[in-house]
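Novice: Structure supplied as input.tsv; contents: TSV, C-alpha atoms.
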chain	number	residue	atom	x	y	z
Q	220	MET	CA	5.81	21.47	-31.14
Q	221	ASP	CA	6.48	21.12	-27.42
Q	222	ILE	CA	5.19	22.84	-24.27
Q	223	LYS	CA	7.76	25.63	-24.57
Q	224	HIS	CA	6.61	26.48	-28.11
Q	225	ILE	CA	3.00	26.70	-26.91
Q	226	GLU	CA	4.10	29.03	-24.12
Q	227	TYR	CA	5.86	31.26	-26.69
Q	228	LEU	CA	2.67	31.52	-28.74
Q	229	ILE	CA	0.48	32.30	-25.72
Q	230	ASN	CA	2.97	34.97	-24.63
Q	231	ILE	CA	2.77	36.59	-28.07
Q	232	VAL	CA	-1.03	36.73	-27.94
Q	233	ASP	CA	-1.01	38.07	-24.36
Q	234	ASN	CA	1.36	40.85	-25.42
Q	235	GLY	CA	-0.90	42.04	-28.23
Q	236	PHE	CA	1.19	40.42	-30.99
Q	237	ASN	CA	4.10	42.73	-30.11
Q	238	LEU	CA	7.17	40.55	-30.67
Q	239	THR	CA	9.53	42.95	-28.89
Q	240	LYS	CA	7.51	42.72	-25.66
Q	241	SER	CA	6.89	39.03	-26.18
Q	242	ALA	CA	10.61	38.30	-26.50
Q	243	ALA	CA	11.43	39.88	-23.13
Q	244	LEU	CA	9.80	37.25	-20.91
Q	245	PRO	CA	11.26	34.05	-22.41
Q	246	HIS	CA	14.58	35.88	-22.84
Q	247	ILE	CA	15.00	35.35	-26.56
Q	248	SER	CA	15.61	37.99	-29.21
Q	249	GLN	CA	12.84	39.45	-31.34
Q	250	PRO	CA	14.44	38.14	-34.60
Q	251	ALA	CA	14.69	34.66	-33.08
Q	252	LEU	CA	11.01	34.80	-32.12
Q	253	SER	CA	10.05	35.89	-35.66
Q	254	LYS	CA	12.13	33.02	-37.08
Q	255	PHE	CA	10.42	30.59	-34.68
Q	256	ILE	CA	6.95	31.64	-35.94
Q	257	ASN	CA	7.94	31.34	-39.60
Q	258	GLU	CA	9.56	27.92	-39.13
Q	259	LEU	CA	6.65	26.64	-37.05
Q	260	GLU	CA	4.05	27.67	-39.66
Q	261	ARG	CA	6.16	26.18	-42.44
Q	262	THR	CA	6.69	22.90	-40.55
Q	263	GLU	CA	3.04	22.56	-39.56
Q	264	GLN	CA	1.89	23.84	-43.00
Q	265	THR	CA	-0.74	25.96	-41.25
Q	266	LYS	CA	-0.95	29.69	-40.63
Q	267	ILE	CA	-1.24	30.53	-36.95
Q	268	PHE	CA	-1.20	34.33	-37.37
Q	269	THR	CA	-2.46	36.73	-40.02
Q	270	HIS	CA	0.53	38.59	-41.43
Q	271	SER	CA	0.46	42.20	-42.71
Q	272	ARG	CA	3.55	44.08	-43.90
Q	273	ASN	CA	5.87	41.54	-42.25
Q	274	ARG	CA	4.02	41.88	-38.98
Q	275	ILE	CA	1.54	39.57	-37.26
Q	276	THR	CA	-1.78	41.21	-36.43
Q	277	VAL	CA	-4.30	38.61	-35.34
Q	278	LEU	CA	-4.84	34.88	-34.91
Q	279	THR	CA	-6.21	32.77	-37.71
Q	280	HIS	CA	-9.12	30.44	-36.93
Q	281	SER	CA	-6.66	27.55	-36.57
Q	282	GLY	CA	-4.39	29.73	-34.47
Q	283	GLN	CA	-7.23	30.68	-32.12
Q	284	ASP	CA	-8.12	27.01	-31.63
Q	285	LEU	CA	-4.45	26.23	-30.98
Q	286	ILE	CA	-4.14	28.98	-28.36
Q	287	ASP	CA	-7.40	27.99	-26.61
Q	288	ARG	CA	-6.31	24.39	-26.35
Q	289	GLY	CA	-2.76	25.43	-25.56
Q	290	ARG	CA	-3.87	27.39	-22.51
Q	291	LYS	CA	-5.53	24.25	-21.15
Q	292	VAL	CA	-2.45	22.16	-21.90
Q	293	THR	CA	-0.07	24.59	-20.21
Q	294	GLN	CA	-2.33	24.83	-17.16
Q	295	GLU	CA	-2.46	21.05	-16.87
Q	296	PHE	CA	1.32	20.92	-17.32
Q	297	THR	CA	1.78	23.53	-14.59
Q	298	ASP	CA	-0.56	21.65	-12.26
Q	299	MET	CA	1.26	18.39	-12.99
Q	300	MET	CA	4.68	19.87	-12.22
Q	301	ASN	CA	3.39	21.57	-9.06
Q	302	SER	CA	1.95	18.25	-7.91
Q	303	PHE	CA	5.20	16.48	-8.77
Q	304	HIS	CA	7.33	18.98	-6.86
Q	305	SER	CA	4.89	18.98	-3.94
Q	306	ALA	CA	4.98	15.19	-3.78
Q	307	ALA	CA	8.77	15.20	-3.86
Q	308	VAL	CA	8.81	17.56	-0.90
Q	309	GLU	CA	6.08	15.74	1.01
Q	310	LYS	CA	7.69	12.28	0.64
Q	311	GLN	CA	9.73	12.93	3.75
Q	312	GLY	CA	8.90	12.83	7.40
Q	313	THR	CA	7.75	10.22	9.92
Q	314	VAL	CA	4.96	7.66	9.62
Q	315	ARG	CA	3.85	5.85	12.78
Q	316	ILE	CA	2.91	2.29	11.89
Q	317	GLY	CA	1.83	-0.41	14.33
Q	318	ILE	CA	2.22	-4.06	13.36
Q	319	ALA	CA	1.17	-7.15	15.30
Q	320	PRO	CA	4.24	-9.29	16.26
Q	321	VAL	CA	3.42	-12.40	14.23
Q	322	ILE	CA	2.63	-10.27	11.19
Q	323	ILE	CA	5.85	-8.28	11.32
Q	324	SER	CA	8.05	-11.38	11.45
Q	325	THR	CA	5.99	-13.30	8.91
Q	326	LEU	CA	5.18	-10.69	6.28
Q	327	PHE	CA	7.20	-7.50	6.86
Q	328	SER	CA	10.76	-8.76	7.28
Q	329	ASN	CA	11.45	-7.99	3.62
Q	330	ALA	CA	8.83	-5.29	3.06
Q	331	ILE	CA	10.20	-2.83	5.63
Q	332	PRO	CA	13.85	-2.89	4.42
Q	333	LYS	CA	12.66	-2.45	0.83
Q	334	PHE	CA	10.46	0.50	1.81
Q	335	ILE	CA	13.38	2.16	3.63
Q	336	GLN	CA	15.66	1.56	0.67
Q	337	GLU	CA	13.22	3.15	-1.78
Q	338	ASN	CA	12.14	5.98	0.55
Q	339	PRO	CA	15.23	7.10	2.49
Q	340	LYS	CA	13.58	10.37	3.58
Q	341	ILE	CA	10.61	8.65	5.22
Q	342	LYS	CA	11.20	7.40	8.75
Q	343	LEU	CA	9.02	4.47	9.80
Q	344	GLN	CA	8.32	4.58	13.51
Q	345	VAL	CA	7.29	0.96	14.10
Q	346	VAL	CA	5.24	-0.10	17.13
Q	347	GLU	CA	5.04	-3.84	17.71
Q	348	THR	CA	2.20	-4.99	19.96
Q	349	GLY	CA	-1.05	-6.94	19.93
Q	350	ALA	CA	-4.01	-6.17	17.69
Q	351	TYR	CA	-6.25	-4.82	20.45
Q	352	GLU	CA	-3.63	-2.33	21.61
Q	353	LEU	CA	-2.88	-1.29	18.02
Q	354	GLN	CA	-6.53	-0.52	17.38
Q	355	LYS	CA	-6.74	1.56	20.56
Q	356	MET	CA	-3.64	3.50	19.54
Q	357	LEU	CA	-5.12	4.10	16.09
Q	358	MET	CA	-8.38	5.33	17.63
Q	359	LEU	CA	-6.41	7.73	19.85
Q	360	GLN	CA	-4.41	8.86	16.77
Q	361	ASP	CA	-1.17	7.66	18.33
Q	362	LEU	CA	-0.64	5.69	15.11
Q	363	ASP	CA	-1.08	6.63	11.46
Q	364	LEU	CA	-1.43	3.05	10.24
Q	365	ALA	CA	-2.10	-0.27	11.96
Q	366	VAL	CA	-1.51	-3.72	10.48
Q	367	ILE	CA	-3.75	-6.35	12.04
Q	368	VAL	CA	-5.59	-9.58	11.40
Q	369	SER	CA	-8.97	-8.75	9.88
Q	370	PRO	CA	-11.65	-7.97	10.88
Q	371	ALA	CA	-11.09	-4.88	13.02
Q	372	THR	CA	-13.25	-4.61	16.12
Q	373	TYR	CA	-14.03	-0.88	15.84
Q	374	PRO	CA	-16.50	0.28	13.14
Q	375	SER	CA	-14.62	3.54	12.53
Q	376	ILE	CA	-11.50	1.66	11.43
Q	377	LYS	CA	-11.16	1.42	7.65
Q	378	GLU	CA	-9.50	-1.74	6.38
Q	379	ASP	CA	-7.46	-2.37	3.26
Q	380	ILE	CA	-6.91	-6.15	3.04
Q	381	VAL	CA	-3.48	-6.78	1.53
Q	382	VAL	CA	-2.92	-10.47	2.31
Q	383	LYS	CA	-5.39	-13.35	2.16
Q	384	ASP	CA	-4.28	-16.63	3.72
Q	385	SER	CA	-5.48	-19.17	6.28
Q	386	VAL	CA	-4.99	-20.57	9.78
Q	387	SER	CA	-3.72	-24.16	10.01
Q	388	VAL	CA	-3.42	-26.75	12.74
Q	389	TRP	CA	0.22	-27.63	13.50
Q	390	PHE	CA	1.51	-30.94	14.90
Q	391	ASN	CA	4.55	-33.22	14.78
Q	392	LYS	CA	4.92	-36.01	12.27
Q	393	THR	CA	4.15	-38.74	14.81
Q	394	HIS	CA	0.84	-37.18	15.80
Q	395	ARG	CA	-2.39	-38.94	14.82
Q	396	PHE	CA	-3.31	-36.01	12.57
Q	397	HIS	CA	-0.45	-37.06	10.31
Q	398	ASP	CA	-2.61	-39.90	8.99
Q	399	PHE	CA	-5.70	-37.76	8.40
Q	400	LYS	CA	-6.68	-37.03	4.83
Q	401	GLY	CA	-7.70	-33.47	4.04
Q	402	PRO	CA	-8.55	-30.67	6.49
Q	403	ILE	CA	-8.70	-31.42	10.23
Q	404	PRO	CA	-12.16	-30.83	11.81
Q	405	PHE	CA	-12.40	-28.50	14.80
Q	406	ASN	CA	-14.10	-31.17	16.89
Q	407	GLN	CA	-11.01	-33.36	16.48
Q	408	ILE	CA	-8.67	-30.50	17.39
Q	409	ALA	CA	-10.64	-29.91	20.59
Q	410	LYS	CA	-9.78	-33.45	21.76
Q	411	GLU	CA	-6.07	-32.64	21.80
Q	412	LYS	CA	-3.82	-30.79	24.22
Q	413	ILE	CA	-3.65	-27.30	22.74
Q	414	VAL	CA	-0.80	-24.83	22.99
Q	415	SER	CA	-1.44	-21.37	21.62
Q	416	LEU	CA	-0.42	-17.76	21.35
Q	417	ASP	CA	-1.72	-15.75	24.29
Q	418	ASP	CA	-4.98	-13.82	24.32
Q	419	SER	CA	-3.41	-10.57	23.13
Q	420	PHE	CA	-3.26	-12.08	19.63
Q	421	MET	CA	-6.29	-11.55	17.40
Q	422	VAL	CA	-6.00	-14.99	15.85
Q	423	THR	CA	-6.26	-16.59	19.32
Q	424	TYR	CA	-9.42	-14.64	20.06
Q	425	GLN	CA	-10.87	-15.59	16.68
Q	426	TRP	CA	-10.35	-19.33	16.90
Q	427	LYS	CA	-11.49	-19.47	20.54
Q	428	GLN	CA	-14.67	-17.75	19.41
Q	429	ARG	CA	-15.10	-20.29	16.65
Q	430	LEU	CA	-14.85	-23.13	19.14
Q	431	ARG	CA	-17.43	-21.47	21.36
Q	432	ASP	CA	-19.77	-21.05	18.40
Q	433	LEU	CA	-19.45	-24.80	17.79
Q	434	ASN	CA	-20.09	-25.51	21.50
Q	435	ILE	CA	-16.62	-27.03	21.77
Q	436	GLU	CA	-14.60	-26.67	24.97
Q	437	PRO	CA	-10.87	-26.88	24.13
Q	438	ASN	CA	-8.16	-28.35	26.35
Q	439	PHE	CA	-5.61	-25.54	26.76
Q	440	PHE	CA	-2.23	-26.84	27.83
Q	441	PHE	CA	0.02	-23.77	27.47
Q	442	GLN	CA	-0.02	-20.19	26.12
Q	443	SER	CA	2.81	-17.85	25.17
Q	444	SER	CA	3.51	-14.69	23.15
Q	445	SER	CA	6.37	-16.50	21.35
Q	446	TRP	CA	5.20	-18.18	18.15
Q	447	ASP	CA	8.47	-20.06	17.65
Q	448	LEU	CA	8.26	-21.51	21.17
Q	449	ILE	CA	4.71	-22.68	20.45
Q	450	LEU	CA	5.74	-24.37	17.20
Q	451	ASN	CA	8.76	-25.95	18.86
Q	452	MET	CA	6.49	-27.42	21.55
Q	453	CYS	CA	4.31	-28.90	18.79
Q	454	GLN	CA	7.41	-30.41	17.25
Q	455	GLU	CA	8.71	-31.94	20.50
Q	456	LEU	CA	5.49	-32.81	22.34
Q	457	ASN	CA	2.21	-34.51	21.52
Q	458	VAL	CA	0.34	-31.19	21.36
Q	459	VAL	CA	-1.22	-29.09	18.59
Q	460	THR	CA	-1.68	-25.40	17.87
Q	461	LEU	CA	-3.72	-23.22	15.56
Q	462	MET	CA	-1.57	-20.62	13.85
Q	463	ALA	CA	-1.32	-18.69	10.59
Q	464	THR	CA	-0.14	-20.87	7.72
Q	465	PRO	CA	2.62	-18.48	6.48
Q	466	ILE	CA	4.43	-18.63	9.85
Q	467	GLY	CA	5.86	-22.00	8.88
Q	468	HIS	CA	8.15	-20.34	6.34
Q	469	ASN	CA	10.10	-18.81	9.26
Q	470	PHE	CA	10.35	-21.96	11.40
Q	471	ALA	CA	13.49	-24.06	11.04
Q	472	GLY	CA	12.14	-27.29	12.54
Q	473	ASN	CA	11.75	-30.30	10.24
Q	474	ASN	CA	9.60	-32.57	12.41
Q	475	ILE	CA	6.46	-30.49	12.14
Q	476	GLU	CA	3.67	-30.19	9.62
Q	477	HIS	CA	0.40	-28.35	9.22
Q	478	ARG	CA	-3.00	-28.97	7.73
Q	479	GLN	CA	-5.99	-26.81	6.83
Q	480	VAL	CA	-8.88	-26.87	9.28
Q	481	THR	CA	-12.58	-27.27	8.67
Q	482	PRO	CA	-14.62	-25.12	8.70
Q	483	PHE	CA	-12.11	-23.01	6.76
Q	484	PHE	CA	-10.38	-20.41	8.92
Q	485	PRO	CA	-9.16	-17.29	7.02
Q	486	TRP	CA	-6.11	-15.26	8.04
Q	487	ASN	CA	-6.52	-11.92	6.27
Q	488	ILE	CA	-4.21	-8.99	6.98
Q	489	SER	CA	-5.40	-5.38	6.81
Q	490	LEU	CA	-3.68	-2.03	6.57
Q	491	CYS	CA	-5.91	0.11	8.77
Q	492	THR	CA	-6.62	3.83	9.04
Q	493	LEU	CA	-9.32	5.81	10.81
Q	494	ASP	CA	-12.33	6.39	8.60
Q	495	THR	CA	-13.11	9.60	10.48
Q	496	VAL	CA	-9.68	11.22	10.04
Q	497	ARG	CA	-8.27	12.63	6.83
Q	498	THR	CA	-4.78	11.23	6.40
Q	499	SER	CA	-1.80	13.17	5.07
Q	500	TYR	CA	-0.19	12.66	1.68
Q	501	LEU	CA	2.73	10.93	3.39
Q	502	VAL	CA	0.48	8.40	5.17
Q	503	ASP	CA	-1.54	7.80	1.99
Q	504	TYR	CA	1.68	7.24	0.05
Q	505	THR	CA	3.02	4.80	2.65
Q	506	GLN	CA	-0.22	2.82	2.74
Q	507	GLN	CA	-0.33	2.64	-1.06
Q	508	TRP	CA	3.31	1.55	-1.19
Q	509	PHE	CA	2.69	-1.44	1.11
Q	510	HIS	CA	-0.59	-2.21	-0.71
Q	511	ASN	CA	1.28	-2.38	-4.01
Q	512	TYR	CA	4.14	-4.38	-2.46
Q	513	PHE	CA	1.86	-7.18	-1.27
Q	514	LYS	CA	-0.23	-7.08	-4.44
Q	515	GLN	CA	2.94	-7.54	-6.47
Q	516	SER	CA	4.04	-10.37	-4.16
Q	517	VAL	CA	0.81	-12.24	-4.93
Q	518	ILE	CA	1.33	-11.77	-8.68
Q	519	ASN	CA	4.89	-13.07	-8.46
Could you quickly redo this structure as structure tokens?
Specialist:
Amino acid sequence: MDIKHIEYLINIVDNGFNLTKSAALPHISQPALSKFINELERTEQTKIFTHSRNRITVLTHSGQDLIDRGRKVTQEFTDMMNSFHSAAVEKQGTVRIGIAPVIISTLFSNAIPKFIQENPKIKLQVVETGAYELQKMLMLQDLDLAVIVSPATYPSIKEDIVVKDSVSVWFNKTHRFHDFKGPIPFNQIAKEKIVSLDDSFMVTYQWKQRLRDLNIEPNFFFQSSSWDLILNMCQELNVVTLMATPIGHNFAGNNIEHRQVTPFFPWNISLCTLDTVRTSYLVDYTQQWFHNYFKQSVIN
């Protein structure tokens, strides 16, 4: 018995057991409907209808239970198909997503092409700027999603952490840190000439704040918005930087290394939405897609 058979039976009951009327809606003949009932009762070895003079007159107890449950099943099936068709229609349109520059080059270079490939009817409108600006744009509803280094600075921003990693100290292989065993303490980093990403980057704000909390005054040598320039300077000069550990996967230099710092410095990445705004199905779907993508990346 499948969903169509249940619909036939419900149609018969709703038409007062009149097979001629019942046959009109599903567009089958009355003899075919009679044959269907007989074969179904024989196959299931249970009477669904009470028969009198070759006519059906009423439901049996088993038949009544079948129809009651069948109505629930058909309603759930209808709801499921409506949801499926609605989702198919709604999975098209534009999603405005803001991503901090380091994050987009480090984590999204494969994720975005894969999303586009799997969702050709969804247009990603990508804004690439610093974390502070992204949060402002999200608050003003100029973005649907923002991808930033956690934590967000506005309480009304809801975070979904999709990547958990760390910040490392970077230096060339002739630097004194090369001979250190284990994580490099902040008080040692503060003694060095430091190059860093500029103040528009959340990670720069975070590690400067950490130094202040430790009453350490760093020696800033140079700042830039270009992460590859910063790493190249660490490779060629006797300087150090603090930068997200995964960035090294994108840097081609071979005379550079990195080490964890102490106290431990997390680099967690959040997919952000506004807690005070109800997002659309399309935005929810996009957020869930990227959530699942990064979750699967961790598993693999």
Novice: Show me, as number ranges by chain, the residues that have an atom within 6 Å of Ser241 (chain Q) when counting all atoms listed in the file, minus same-chain residues fewer than 2 positions from it.
Specialist: Q: 230-231, 234, 238-239, 243
Novice: Measuring between all atoms listed in the file, which one of Q:Gln354, Q:Thr460, Q:Thr313, Q:Asn438 shows the shortest distance to Lys377 (chain Q)?
Specialist: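 The closest residue to Lys377 (chain Q) is Q:Gln354.
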Novice: Give me the residues within 12 Å of Gln294 (chain Q) as a list in words, counting only C-alpha atoms and dropping any in the same chain fewer than 6 places off.
Specialist: Ile222, Ile225, Glu226, Ile229, Asp287, Arg288, Met300 and Asn301 of chain Q
Novice: Find the spatial neighbours of Leu353 (chain Q), counting all atoms listed in the file, within a cut-off of 10 Å - ignore same-chain residues fewer than 6 positions away - and output them as a list in words.
Specialist: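 In the requested format, the answer is Ile316, Gly317, Ile318, Ala319, Val346, Glu347, Leu359, Asp361, Leu362, Leu364, Ala365, Val366, Ile367 and Cys491 of chain Q.
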Novice: Write out as a PyMOL selection string the residues lying within 8 Å of Ile449 (chain Q), counting only C-alpha atoms and excluding same-chain residues fewer than 2 positions away.
Specialist: chain Q and resi 414-416+442-443+445-447+451-453+460
Novice: If we count all atoms listed in the file and set the cut-off at 9 Å, which residues sit around Val232 (chain Q), ignoring sequence neighbours fewer than 5 positions away in its own chain? Please answer as JSON, numbers by chain.
Specialist: {"Q": [227, 237, 241, 277, 278, 286]}
Novice: One decimal, Å: what's the distance from CA of Ile275 (chain Q) over to CA of Leu252 (chain Q), could you say?
Specialist: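 So the answer is 11.8 Å.
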